[in-house]
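Note sheet for the following structure.
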Amino acid sequence: MTTDAKILSALREHPAGVSGADLAEQLGVSRAAIWARIEELRRLDYDIEAGPHFGYRLLSAPDALHADDLLARLGKTKIIGRDIRVFEQTTSTNDVVEKLARDGVKEGVVVFAESQTKGRGRLGRAWMSPARKGLWFSVLLRPDLRPQETTQLTVASAIALRRAIQNETGLQPEIKWPNDILLGGKKTAGILTELSAEVDRVKHVILGMGVDVNLNPGEFPPEWRRLATSLKIESGKTVSRAELAVAVLRELDRDYARVCAGGFASLAEEWEEHCTTLGRQVTIQIGGRRIRGRAESLDDDGALLLRTEHGHLEHIIGGDVTLEK
(Lines give C-alpha, C1' and ligand atoms only; values in the text may rest on other atoms or scores of the structure.)
Protein backbone atom coordinates (compact mmCIF):
# COMPACT_ATOMS: atom_id res chain seq x y z
CA MET A 1 0.00 0.00 0.00
CA THR A 2 1.33 3.44 -0.93
CA THR A 3 1.87 6.32 1.50
CA ASP A 4 -1.23 8.10 0.18
CA ALA A 5 -3.34 4.96 0.62
CA LYS A 6 -2.08 4.57 4.19
CA ILE A 7 -2.87 8.22 4.97
CA LEU A 8 -6.40 7.93 3.57
CA SER A 9 -6.92 4.68 5.45
CA ALA A 10 -5.82 6.31 8.72
CA LEU A 11 -8.05 9.33 8.11
CA ARG A 12 -11.05 7.06 7.58
CA GLU A 13 -10.21 5.04 10.69
CA HIS A 14 -10.10 8.26 12.74
CA PRO A 15 -12.95 10.50 11.50
CA ALA A 16 -12.46 12.87 14.44
CA GLY A 17 -8.88 13.49 13.35
CA VAL A 18 -5.36 12.12 13.59
CA SER A 19 -2.22 14.13 14.29
CA GLY A 20 0.59 14.58 11.83
CA ALA A 21 2.98 13.17 14.43
CA ASP A 22 0.93 10.00 14.77
CA LEU A 23 0.71 9.62 10.99
CA ALA A 24 4.45 10.11 10.66
CA GLU A 25 5.15 7.50 13.32
CA GLN A 26 2.72 4.97 11.82
CA LEU A 27 4.13 5.38 8.32
CA GLY A 28 7.78 5.75 9.29
CA VAL A 29 8.23 9.10 7.51
CA SER A 30 8.73 12.71 8.59
CA ARG A 31 5.93 15.11 9.45
CA ALA A 32 7.07 17.21 6.51
CA ALA A 33 6.51 14.21 4.22
CA ILE A 34 3.00 13.77 5.65
CA TRP A 35 2.23 17.44 5.02
CA ALA A 36 3.47 17.16 1.42
CA ARG A 37 1.25 14.14 0.75
CA ILE A 38 -1.75 15.86 2.37
CA GLU A 39 -1.21 18.83 0.04
CA GLU A 40 -1.09 16.48 -2.96
CA LEU A 41 -4.33 14.83 -1.88
CA ARG A 42 -5.94 18.25 -1.56
CA ARG A 43 -4.88 19.00 -5.14
CA LEU A 44 -6.82 15.85 -6.09
CA ASP A 45 -9.91 17.42 -4.44
CA TYR A 46 -9.83 15.55 -1.14
CA ASP A 47 -11.19 17.97 1.46
CA ILE A 48 -8.80 17.47 4.37
CA GLU A 49 -9.12 19.85 7.31
CA ALA A 50 -6.17 20.65 9.56
CA GLY A 51 -6.29 22.02 13.09
CA PRO A 52 -4.05 22.23 16.17
CA HIS A 53 -6.46 20.25 18.37
CA PHE A 54 -7.38 17.36 16.05
CA GLY A 55 -4.58 17.18 13.47
CA TYR A 56 -5.95 16.14 10.08
CA ARG A 57 -9.43 14.91 9.26
CA LEU A 58 -11.10 13.91 6.01
CA LEU A 59 -14.28 15.85 5.31
CA SER A 60 -15.06 14.59 1.80
CA ALA A 61 -13.61 12.76 -1.18
CA PRO A 62 -14.05 13.61 -4.87
CA ASP A 63 -16.35 11.74 -7.22
CA ALA A 64 -13.39 10.13 -8.91
CA LEU A 65 -11.64 6.80 -8.84
CA HIS A 66 -8.12 6.95 -7.41
CA ALA A 67 -6.11 3.79 -6.91
CA ASP A 68 -4.78 4.88 -3.52
CA ASP A 69 -8.26 5.74 -2.27
CA LEU A 70 -9.71 2.44 -3.49
CA LEU A 71 -6.90 0.51 -1.80
CA ALA A 72 -7.44 2.46 1.41
CA ARG A 73 -11.19 1.80 1.39
CA LEU A 74 -10.80 -1.86 0.43
CA GLY A 75 -8.24 -2.92 3.00
CA LYS A 76 -6.73 -6.39 2.86
CA THR A 77 -8.16 -8.96 0.46
CA LYS A 78 -7.03 -12.49 -0.35
CA ILE A 79 -6.47 -11.96 -4.07
CA ILE A 80 -8.75 -9.54 -5.93
CA GLY A 81 -7.83 -5.90 -5.43
CA ARG A 82 -4.40 -6.29 -3.88
CA ASP A 83 -3.16 -4.33 -6.92
CA ILE A 84 -5.43 -1.58 -8.32
CA ARG A 85 -4.67 0.65 -11.29
CA VAL A 86 -6.82 3.51 -12.59
CA PHE A 87 -6.66 5.11 -16.04
CA GLU A 88 -8.38 8.35 -16.95
CA GLN A 89 -9.15 6.85 -20.36
CA THR A 90 -8.30 3.71 -22.26
CA THR A 91 -9.65 1.72 -25.18
CA SER A 92 -10.89 -1.18 -23.06
CA THR A 93 -9.85 -2.31 -19.59
CA ASN A 94 -9.90 -5.90 -20.87
CA ASP A 95 -7.22 -4.93 -23.39
CA VAL A 96 -5.04 -3.46 -20.64
CA VAL A 97 -5.41 -6.53 -18.45
CA GLU A 98 -4.68 -8.83 -21.39
CA LYS A 99 -1.32 -7.09 -21.80
CA LEU A 100 -0.64 -7.38 -18.05
CA ALA A 101 -1.47 -11.09 -18.23
CA ARG A 102 0.99 -11.62 -21.08
CA ASP A 103 3.62 -9.74 -19.06
CA GLY A 104 3.23 -12.23 -16.21
CA VAL A 105 1.50 -9.97 -13.66
CA LYS A 106 0.06 -11.87 -10.70
CA GLU A 107 -3.65 -12.57 -10.50
CA GLY A 108 -5.84 -10.17 -8.59
CA VAL A 109 -4.84 -6.96 -10.38
CA VAL A 110 -7.83 -4.73 -11.13
CA VAL A 111 -7.82 -2.07 -13.83
CA PHE A 112 -10.41 0.72 -13.78
CA ALA A 113 -10.95 3.37 -16.43
CA GLU A 114 -12.88 6.59 -15.92
CA SER A 115 -13.91 6.22 -19.56
CA GLN A 116 -13.35 3.79 -22.43
CA THR A 117 -13.18 4.64 -26.11
CA LYS A 118 -13.77 1.07 -27.28
CA GLY A 119 -15.61 -0.60 -24.43
CA ARG A 120 -17.16 -3.87 -25.48
CA GLY A 121 -19.65 -6.42 -24.31
CA ARG A 122 -20.37 -9.98 -25.37
CA LEU A 123 -20.49 -10.96 -29.03
CA GLY A 124 -18.42 -7.91 -29.98
CA ARG A 125 -21.13 -5.41 -29.06
CA ALA A 126 -20.12 -1.87 -28.14
CA TRP A 127 -20.43 -0.79 -24.50
CA MET A 128 -20.97 2.92 -23.86
CA SER A 129 -18.56 4.08 -21.14
CA PRO A 130 -19.07 7.81 -20.43
CA ALA A 131 -16.56 9.52 -18.15
CA ARG A 132 -17.24 9.30 -14.41
CA LYS A 133 -20.73 7.90 -14.88
CA GLY A 134 -20.13 4.24 -14.19
CA LEU A 135 -17.69 1.53 -13.24
CA TRP A 136 -15.68 0.13 -16.14
CA PHE A 137 -13.09 -2.35 -14.91
CA SER A 138 -11.40 -5.72 -15.46
CA VAL A 139 -9.84 -8.31 -13.16
CA LEU A 140 -7.02 -10.75 -13.94
CA LEU A 141 -7.42 -14.27 -12.56
CA ARG A 142 -5.27 -17.38 -12.88
CA PRO A 143 -7.53 -20.11 -11.44
CA ASP A 144 -6.62 -23.76 -11.14
CA LEU A 145 -9.64 -24.82 -13.21
CA ARG A 146 -10.27 -26.80 -16.35
CA PRO A 147 -11.33 -24.58 -19.30
CA GLN A 148 -14.91 -25.90 -19.19
CA GLU A 149 -15.14 -24.95 -15.50
CA THR A 150 -14.47 -21.24 -16.07
CA THR A 151 -18.19 -20.65 -16.66
CA GLN A 152 -18.32 -20.88 -12.87
CA LEU A 153 -16.47 -17.56 -12.74
CA THR A 154 -19.12 -15.80 -14.83
CA VAL A 155 -21.79 -17.15 -12.48
CA ALA A 156 -19.79 -16.13 -9.39
CA SER A 157 -19.14 -12.66 -10.83
CA ALA A 158 -22.82 -12.09 -11.57
CA ILE A 159 -23.95 -13.04 -8.08
CA ALA A 160 -21.16 -10.99 -6.46
CA LEU A 161 -22.09 -7.94 -8.54
CA ARG A 162 -25.80 -8.39 -7.81
CA ARG A 163 -25.11 -8.69 -4.07
CA ALA A 164 -22.89 -5.59 -3.98
CA ILE A 165 -25.47 -3.48 -5.82
CA GLN A 166 -28.19 -4.60 -3.42
CA ASN A 167 -26.06 -3.89 -0.36
CA GLU A 168 -25.03 -0.41 -1.55
CA THR A 169 -28.34 0.80 -2.99
CA GLY A 170 -31.13 -1.28 -1.49
CA LEU A 171 -32.23 -2.21 -5.02
CA GLN A 172 -33.11 -5.80 -5.92
CA PRO A 173 -31.26 -6.66 -9.14
CA GLU A 174 -32.04 -9.77 -11.14
CA ILE A 175 -29.71 -11.85 -13.31
CA LYS A 176 -30.40 -12.68 -16.93
CA TRP A 177 -28.31 -15.60 -18.17
CA PRO A 178 -25.48 -15.53 -18.99
CA ASN A 179 -24.10 -12.18 -17.89
CA ASP A 180 -26.62 -9.34 -17.52
CA ILE A 181 -27.76 -7.58 -14.35
CA LEU A 182 -31.29 -6.17 -14.66
CA LEU A 183 -33.37 -3.65 -12.75
CA GLY A 184 -37.02 -3.40 -13.66
CA GLY A 185 -36.33 -5.60 -16.66
CA LYS A 186 -33.69 -3.21 -18.02
CA LYS A 187 -29.97 -3.86 -18.21
CA THR A 188 -27.78 -1.93 -15.78
CA ALA A 189 -24.60 -4.04 -15.81
CA GLY A 190 -22.85 -6.71 -17.83
CA ILE A 191 -19.93 -9.10 -17.56
CA LEU A 192 -17.50 -10.08 -20.29
CA THR A 193 -15.35 -13.13 -19.52
CA GLU A 194 -12.34 -13.73 -21.78
CA LEU A 195 -10.27 -16.88 -21.51
CA SER A 196 -6.75 -17.91 -22.47
CA ALA A 197 -6.26 -21.66 -22.12
CA GLU A 198 -4.58 -24.78 -23.36
CA VAL A 199 -6.47 -28.05 -23.90
CA ASP A 200 -6.63 -28.98 -20.23
CA ARG A 201 -5.31 -25.91 -18.41
CA VAL A 202 -6.42 -22.33 -17.93
CA LYS A 203 -3.63 -19.81 -18.45
CA HIS A 204 -5.65 -16.80 -17.35
CA VAL A 205 -9.17 -15.39 -17.23
CA ILE A 206 -10.15 -11.74 -17.61
CA LEU A 207 -13.39 -10.64 -15.96
CA GLY A 208 -14.59 -7.41 -17.53
CA MET A 209 -17.45 -5.54 -15.87
CA GLY A 210 -19.46 -2.50 -16.81
CA VAL A 211 -21.98 -0.91 -14.45
CA ASP A 212 -24.17 2.05 -15.40
CA VAL A 213 -24.07 3.91 -12.10
CA ASN A 214 -25.00 7.60 -12.37
CA LEU A 215 -26.24 8.02 -15.93
CA ASN A 216 -29.38 10.11 -16.41
CA PRO A 217 -32.10 8.99 -18.86
CA GLY A 218 -31.05 11.49 -21.54
CA GLU A 219 -27.46 10.24 -21.48
CA PHE A 220 -28.41 6.89 -23.04
CA PRO A 221 -28.67 6.81 -26.83
CA PRO A 222 -32.35 6.92 -27.90
CA GLU A 223 -32.24 3.35 -29.16
CA TRP A 224 -31.03 2.10 -25.76
CA ARG A 225 -33.48 3.88 -23.46
CA ARG A 226 -36.10 1.14 -23.65
CA LEU A 227 -33.53 -1.52 -22.74
CA ALA A 228 -31.01 0.12 -20.38
CA THR A 229 -31.10 1.90 -17.04
CA SER A 230 -28.73 3.04 -14.27
CA LEU A 231 -28.54 2.71 -10.52
CA LYS A 232 -29.24 6.43 -10.17
CA ILE A 233 -32.37 6.23 -12.30
CA GLU A 234 -33.72 3.25 -10.38
CA SER A 235 -32.78 4.44 -6.88
CA GLY A 236 -33.50 8.14 -7.40
CA LYS A 237 -30.17 9.17 -5.92
CA THR A 238 -26.51 9.53 -6.86
CA VAL A 239 -24.45 6.48 -5.93
CA SER A 240 -20.84 6.70 -4.74
CA ARG A 241 -18.85 4.95 -7.44
CA ALA A 242 -15.85 4.42 -5.16
CA GLU A 243 -17.94 2.81 -2.43
CA LEU A 244 -19.70 0.59 -4.96
CA ALA A 245 -16.38 -0.38 -6.55
CA VAL A 246 -14.98 -1.47 -3.20
CA ALA A 247 -18.17 -3.39 -2.37
CA VAL A 248 -17.97 -5.26 -5.69
CA LEU A 249 -14.29 -6.14 -5.22
CA ARG A 250 -14.93 -7.47 -1.71
CA GLU A 251 -17.76 -9.70 -2.93
CA LEU A 252 -15.71 -10.87 -5.92
CA ASP A 253 -12.74 -11.72 -3.74
CA ARG A 254 -14.91 -13.76 -1.40
CA ASP A 255 -16.75 -15.62 -4.16
CA TYR A 256 -13.61 -16.29 -6.17
CA ALA A 257 -12.14 -17.96 -3.08
CA ARG A 258 -15.31 -20.06 -2.79
CA VAL A 259 -15.03 -21.21 -6.40
CA CYS A 260 -11.34 -22.09 -5.99
CA ALA A 261 -12.14 -24.05 -2.82
CA GLY A 262 -14.77 -26.14 -4.61
CA GLY A 263 -17.76 -24.26 -3.20
CA PHE A 264 -19.47 -23.46 -6.49
CA ALA A 265 -22.65 -25.33 -5.61
CA SER A 266 -23.69 -22.81 -2.96
CA LEU A 267 -23.05 -19.92 -5.36
CA ALA A 268 -25.12 -21.66 -8.03
CA GLU A 269 -28.04 -21.91 -5.59
CA GLU A 270 -27.87 -18.17 -4.89
CA TRP A 271 -27.57 -17.43 -8.62
CA GLU A 272 -30.63 -19.55 -9.43
CA GLU A 273 -32.62 -17.75 -6.73
CA HIS A 274 -32.13 -14.41 -8.49
CA CYS A 275 -32.10 -15.49 -12.14
CA THR A 276 -35.01 -14.41 -14.36
CA THR A 277 -34.08 -16.90 -17.08
CA LEU A 278 -34.72 -20.16 -15.23
CA GLY A 279 -38.14 -21.67 -15.69
CA ARG A 280 -38.75 -19.61 -18.82
CA GLN A 281 -39.12 -20.56 -22.44
CA VAL A 282 -36.14 -19.05 -24.24
CA THR A 283 -34.54 -18.91 -27.66
CA ILE A 284 -30.74 -19.00 -27.71
CA GLN A 285 -28.70 -18.01 -30.74
CA ILE A 286 -25.27 -19.67 -30.83
CA GLY A 287 -23.51 -18.57 -33.99
CA GLY A 288 -25.68 -19.87 -36.83
CA ARG A 289 -27.54 -22.28 -34.55
CA ARG A 290 -30.87 -21.39 -32.95
CA ILE A 291 -32.17 -23.45 -29.99
CA ARG A 292 -35.56 -23.10 -28.34
CA GLY A 293 -36.52 -24.66 -25.03
CA ARG A 294 -37.04 -24.27 -21.30
CA ALA A 295 -34.16 -23.06 -19.13
CA GLU A 296 -34.03 -25.48 -16.20
CA SER A 297 -30.90 -25.00 -14.07
CA LEU A 298 -27.09 -24.89 -14.03
CA ASP A 299 -24.84 -27.91 -14.28
CA ASP A 300 -21.79 -28.48 -12.07
CA ASP A 301 -19.56 -26.43 -14.40
CA GLY A 302 -21.96 -23.46 -14.52
CA ALA A 303 -23.44 -24.20 -17.96
CA LEU A 304 -27.16 -23.63 -18.55
CA LEU A 305 -29.27 -26.77 -18.81
CA LEU A 306 -31.88 -26.25 -21.53
CA ARG A 307 -34.72 -28.72 -22.17
CA THR A 308 -35.36 -28.42 -25.90
CA GLU A 309 -38.67 -28.66 -27.72
CA HIS A 310 -37.77 -32.28 -28.51
CA GLY A 311 -37.11 -33.20 -24.88
CA HIS A 312 -33.31 -33.26 -25.10
CA LEU A 313 -31.23 -31.68 -22.34
CA GLU A 314 -28.59 -29.34 -23.79
CA HIS A 315 -25.62 -27.90 -21.90
CA ILE A 316 -25.24 -24.28 -23.07
CA ILE A 317 -22.12 -22.30 -22.11
CA GLY A 318 -22.85 -19.13 -24.08
CA GLY A 319 -25.12 -17.48 -26.59
CA ASP A 320 -27.57 -14.67 -27.18
CA VAL A 321 -30.75 -15.37 -25.22
CA THR A 322 -34.25 -14.04 -25.83
CA LEU A 323 -36.90 -14.58 -23.15
CA GLU A 324 -40.27 -15.55 -24.59
CA LYS A 325 -43.39 -13.90 -23.20
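Letters A, B, ... mark the chains of the C-alpha coordinates in the order given; residue numbers begin at 1 per chain; ligand numbers begin at 1, in order shown.
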
Discussion item. I want to know what sits within 12 Å of A:Ala261, based on only C-alpha atoms, with residues of the same chain fewer than 6 positions away left out; could you give that as number ranges by chain?
Written reply: A: 143-145, 254-255, 267

Pull N, CA and C atoms from the residues just selected and write them as a PDB file, in the first residue's frame.
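Resulting contents of again-v8.pdb:
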```
ATOM      1  N   PRO A 143      -6.968 -19.032 -12.270  1.00  0.00           N
ATOM      2  CA  PRO A 143      -7.528 -20.109 -11.441  1.00  0.00           C
ATOM      3  C   PRO A 143      -7.013 -21.486 -11.847  1.00  0.00           C
ATOM      4  N   ASP A 144      -6.987 -22.366 -10.888  1.00  0.00           N
ATOM      5  CA  ASP A 144      -6.624 -23.763 -11.142  1.00  0.00           C
ATOM      6  C   ASP A 144      -7.906 -24.507 -11.529  1.00  0.00           C
ATOM      7  N   LEU A 145      -8.404 -24.224 -12.725  1.00  0.00           N
ATOM      8  CA  LEU A 145      -9.645 -24.820 -13.214  1.00  0.00           C
ATOM      9  C   LEU A 145      -9.423 -25.387 -14.610  1.00  0.00           C
ATOM     10  N   ARG A 254     -14.339 -12.694  -2.222  1.00  0.00           N
ATOM     11  CA  ARG A 254     -14.906 -13.764  -1.404  1.00  0.00           C
ATOM     12  C   ARG A 254     -15.430 -14.909  -2.272  1.00  0.00           C
ATOM     13  N   ASP A 255     -16.152 -14.569  -3.343  1.00  0.00           N
ATOM     14  CA  ASP A 255     -16.751 -15.621  -4.163  1.00  0.00           C
ATOM     15  C   ASP A 255     -15.725 -16.330  -5.037  1.00  0.00           C
ATOM     16  N   LEU A 267     -22.904 -21.119  -4.527  1.00  0.00           N
ATOM     17  CA  LEU A 267     -23.051 -19.923  -5.358  1.00  0.00           C
ATOM     18  C   LEU A 267     -24.108 -20.149  -6.428  1.00  0.00           C
TER      19      LEU A 267
END
```

Worksheet item: Could you name the residues that touch A:Glu114 at 6 Å or less, counting only C-alpha atoms, but leaving out those on the same chain fewer than 6 positions away, as an NGL selection string?
Response: :A and (88-89 or 131-132)

Could you please take those selected residues and save N, CA and C atoms as a PDB file, in the first residue's frame?
```pdb
ATOM      1  N   GLU A  88      -7.371   7.336 -16.636  1.00  0.00           N
ATOM      2  CA  GLU A  88      -8.381   8.351 -16.953  1.00  0.00           C
ATOM      3  C   GLU A  88      -9.172   7.916 -18.182  1.00  0.00           C
ATOM      4  N   GLN A  89      -8.472   7.350 -19.155  1.00  0.00           N
ATOM      5  CA  GLN A  89      -9.151   6.854 -20.358  1.00  0.00           C
ATOM      6  C   GLN A  89      -8.314   5.742 -20.982  1.00  0.00           C
ATOM      7  N   ALA A 131     -17.488   9.180 -19.229  1.00  0.00           N
ATOM      8  CA  ALA A 131     -16.558   9.521 -18.154  1.00  0.00           C
ATOM      9  C   ALA A 131     -17.279   9.774 -16.834  1.00  0.00           C
ATOM     10  N   ARG A 132     -16.806   9.100 -15.790  1.00  0.00           N
ATOM     11  CA  ARG A 132     -17.238   9.295 -14.411  1.00  0.00           C
ATOM     12  C   ARG A 132     -18.733   9.081 -14.211  1.00  0.00           C
TER      13      ARG A 132
END
```

Item to complete: List every residue of stretch 159-324 of chain A that DSSP, applied to the backbone of this structure, assigns to alpha helix (DSSP H), and report them as number ranges by chain.
Response: A: 159-169, 231-235, 241-260, 264-273

For N, CA and C atoms, I'd like the residues from the last selection saved as a short mmCIF file (atom, residue, chain, number, x, y, z; two decimals), in the first residue's frame.
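Wrote it out as again33.cif, contents follow:
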```cif
data_model
loop_
_atom_site.label_atom_id
_atom_site.label_comp_id
_atom_site.auth_asym_id
_atom_site.auth_seq_id
_atom_site.Cartn_x
_atom_site.Cartn_y
_atom_site.Cartn_z
N ILE A 159 -23.31 -13.06 -9.40
CA ILE A 159 -23.95 -13.04 -8.08
C ILE A 159 -23.23 -12.07 -7.15
N ALA A 160 -21.90 -11.96 -7.28
CA ALA A 160 -21.16 -10.99 -6.46
C ALA A 160 -21.56 -9.57 -6.80
N LEU A 161 -21.70 -9.28 -8.09
CA LEU A 161 -22.09 -7.94 -8.54
C LEU A 161 -23.51 -7.63 -8.09
N ARG A 162 -24.41 -8.60 -8.23
CA ARG A 162 -25.80 -8.39 -7.81
C ARG A 162 -25.87 -8.09 -6.31
N ARG A 163 -25.11 -8.85 -5.52
CA ARG A 163 -25.11 -8.69 -4.07
C ARG A 163 -24.57 -7.32 -3.66
N ALA A 164 -23.49 -6.89 -4.31
CA ALA A 164 -22.89 -5.59 -3.98
C ALA A 164 -23.85 -4.45 -4.31
N ILE A 165 -24.51 -4.53 -5.46
CA ILE A 165 -25.47 -3.48 -5.82
C ILE A 165 -26.61 -3.42 -4.81
N GLN A 166 -27.12 -4.58 -4.41
CA GLN A 166 -28.19 -4.60 -3.42
C GLN A 166 -27.73 -3.99 -2.10
N ASN A 167 -26.55 -4.38 -1.65
CA ASN A 167 -26.06 -3.89 -0.36
C ASN A 167 -25.82 -2.39 -0.36
N GLU A 168 -25.37 -1.84 -1.49
CA GLU A 168 -25.03 -0.41 -1.55
C GLU A 168 -26.22 0.49 -1.86
N THR A 169 -27.23 -0.05 -2.53
CA THR A 169 -28.34 0.80 -2.99
C THR A 169 -29.70 0.41 -2.43
N LEU A 231 -28.22 2.78 -11.94
CA LEU A 231 -28.54 2.71 -10.52
C LEU A 231 -29.16 4.01 -10.03
N LYS A 232 -28.69 5.13 -10.57
CA LYS A 232 -29.24 6.43 -10.17
C LYS A 232 -30.69 6.56 -10.60
N ILE A 233 -31.00 6.15 -11.82
CA ILE A 233 -32.37 6.23 -12.30
C ILE A 233 -33.29 5.38 -11.43
N GLU A 234 -32.86 4.17 -11.12
CA GLU A 234 -33.72 3.25 -10.38
C GLU A 234 -33.82 3.59 -8.89
N SER A 235 -32.76 4.14 -8.32
CA SER A 235 -32.78 4.44 -6.88
C SER A 235 -33.23 5.87 -6.59
N ARG A 241 -19.50 5.96 -6.60
CA ARG A 241 -18.85 4.95 -7.44
C ARG A 241 -17.71 4.26 -6.69
N ALA A 242 -16.97 5.02 -5.90
CA ALA A 242 -15.85 4.42 -5.16
C ALA A 242 -16.35 3.41 -4.15
N GLU A 243 -17.41 3.74 -3.42
CA GLU A 243 -17.94 2.81 -2.43
C GLU A 243 -18.50 1.56 -3.11
N LEU A 244 -19.18 1.75 -4.24
CA LEU A 244 -19.70 0.59 -4.96
C LEU A 244 -18.57 -0.27 -5.50
N ALA A 245 -17.52 0.38 -6.03
CA ALA A 245 -16.38 -0.38 -6.55
C ALA A 245 -15.76 -1.26 -5.48
N VAL A 246 -15.58 -0.71 -4.30
CA VAL A 246 -14.98 -1.47 -3.20
C VAL A 246 -15.91 -2.61 -2.78
N ALA A 247 -17.21 -2.35 -2.74
CA ALA A 247 -18.17 -3.39 -2.37
C ALA A 247 -18.12 -4.54 -3.37
N VAL A 248 -18.03 -4.21 -4.66
CA VAL A 248 -17.97 -5.26 -5.69
C VAL A 248 -16.69 -6.08 -5.54
N LEU A 249 -15.55 -5.41 -5.34
CA LEU A 249 -14.29 -6.14 -5.22
C LEU A 249 -14.29 -7.06 -4.00
N ARG A 250 -14.87 -6.62 -2.90
CA ARG A 250 -14.93 -7.47 -1.71
C ARG A 250 -15.75 -8.73 -1.99
N GLU A 251 -16.91 -8.54 -2.64
CA GLU A 251 -17.76 -9.70 -2.93
C GLU A 251 -17.08 -10.62 -3.94
N LEU A 252 -16.43 -10.06 -4.94
CA LEU A 252 -15.71 -10.87 -5.92
C LEU A 252 -14.59 -11.68 -5.28
N ASP A 253 -13.85 -11.04 -4.41
CA ASP A 253 -12.74 -11.72 -3.74
C ASP A 253 -13.25 -12.90 -2.93
N ARG A 254 -14.34 -12.69 -2.22
CA ARG A 254 -14.91 -13.76 -1.40
C ARG A 254 -15.43 -14.91 -2.27
N ASP A 255 -16.15 -14.57 -3.34
CA ASP A 255 -16.75 -15.62 -4.16
C ASP A 255 -15.73 -16.33 -5.04
N TYR A 256 -14.68 -15.63 -5.43
CA TYR A 256 -13.61 -16.29 -6.17
C TYR A 256 -12.94 -17.34 -5.29
N ALA A 257 -12.73 -17.00 -4.03
CA ALA A 257 -12.14 -17.96 -3.08
C ALA A 257 -13.06 -19.17 -2.93
N ARG A 258 -14.36 -18.95 -2.92
CA ARG A 258 -15.31 -20.06 -2.79
C ARG A 258 -15.24 -20.98 -4.01
N VAL A 259 -15.15 -20.39 -5.20
CA VAL A 259 -15.03 -21.21 -6.40
C VAL A 259 -13.75 -22.04 -6.36
N CYS A 260 -12.63 -21.39 -6.01
CA CYS A 260 -11.34 -22.09 -5.99
C CYS A 260 -11.29 -23.18 -4.94
N PHE A 264 -18.61 -24.05 -5.47
CA PHE A 264 -19.47 -23.46 -6.49
C PHE A 264 -20.94 -23.78 -6.28
N ALA A 265 -21.25 -24.92 -5.74
CA ALA A 265 -22.65 -25.33 -5.61
C ALA A 265 -23.49 -24.32 -4.83
N SER A 266 -22.93 -23.78 -3.75
CA SER A 266 -23.69 -22.81 -2.96
C SER A 266 -23.89 -21.51 -3.72
N LEU A 267 -22.90 -21.12 -4.53
CA LEU A 267 -23.05 -19.92 -5.36
C LEU A 267 -24.11 -20.15 -6.43
N ALA A 268 -24.13 -21.35 -7.00
CA ALA A 268 -25.12 -21.66 -8.03
C ALA A 268 -26.53 -21.57 -7.47
N GLU A 269 -26.72 -22.01 -6.22
CA GLU A 269 -28.04 -21.91 -5.59
C GLU A 269 -28.48 -20.45 -5.45
N GLU A 270 -27.54 -19.59 -5.03
CA GLU A 270 -27.87 -18.17 -4.89
C GLU A 270 -28.16 -17.56 -6.25
N TRP A 271 -27.37 -17.93 -7.26
CA TRP A 271 -27.57 -17.43 -8.62
C TRP A 271 -28.96 -17.82 -9.13
N GLU A 272 -29.34 -19.08 -8.94
CA GLU A 272 -30.63 -19.55 -9.43
C GLU A 272 -31.79 -18.82 -8.74
N GLU A 273 -31.58 -18.46 -7.48
CA GLU A 273 -32.62 -17.75 -6.73
C GLU A 273 -32.94 -16.40 -7.34
#
```

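With distances taken over only C-alpha atoms, A:Pro173 is the one residue among A:Gly81, A:Gly51, A:Gly287, A:Pro173 lying closest to A:Cys275.
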
Fill in: Contact residues around A:Ala33 with only C-alpha atoms at 12 Å, ignoring same-chain residues under 2 positions, as a ChimeraX atom specification
/A:3-4,7,20-21,23-25,27-31,35-40
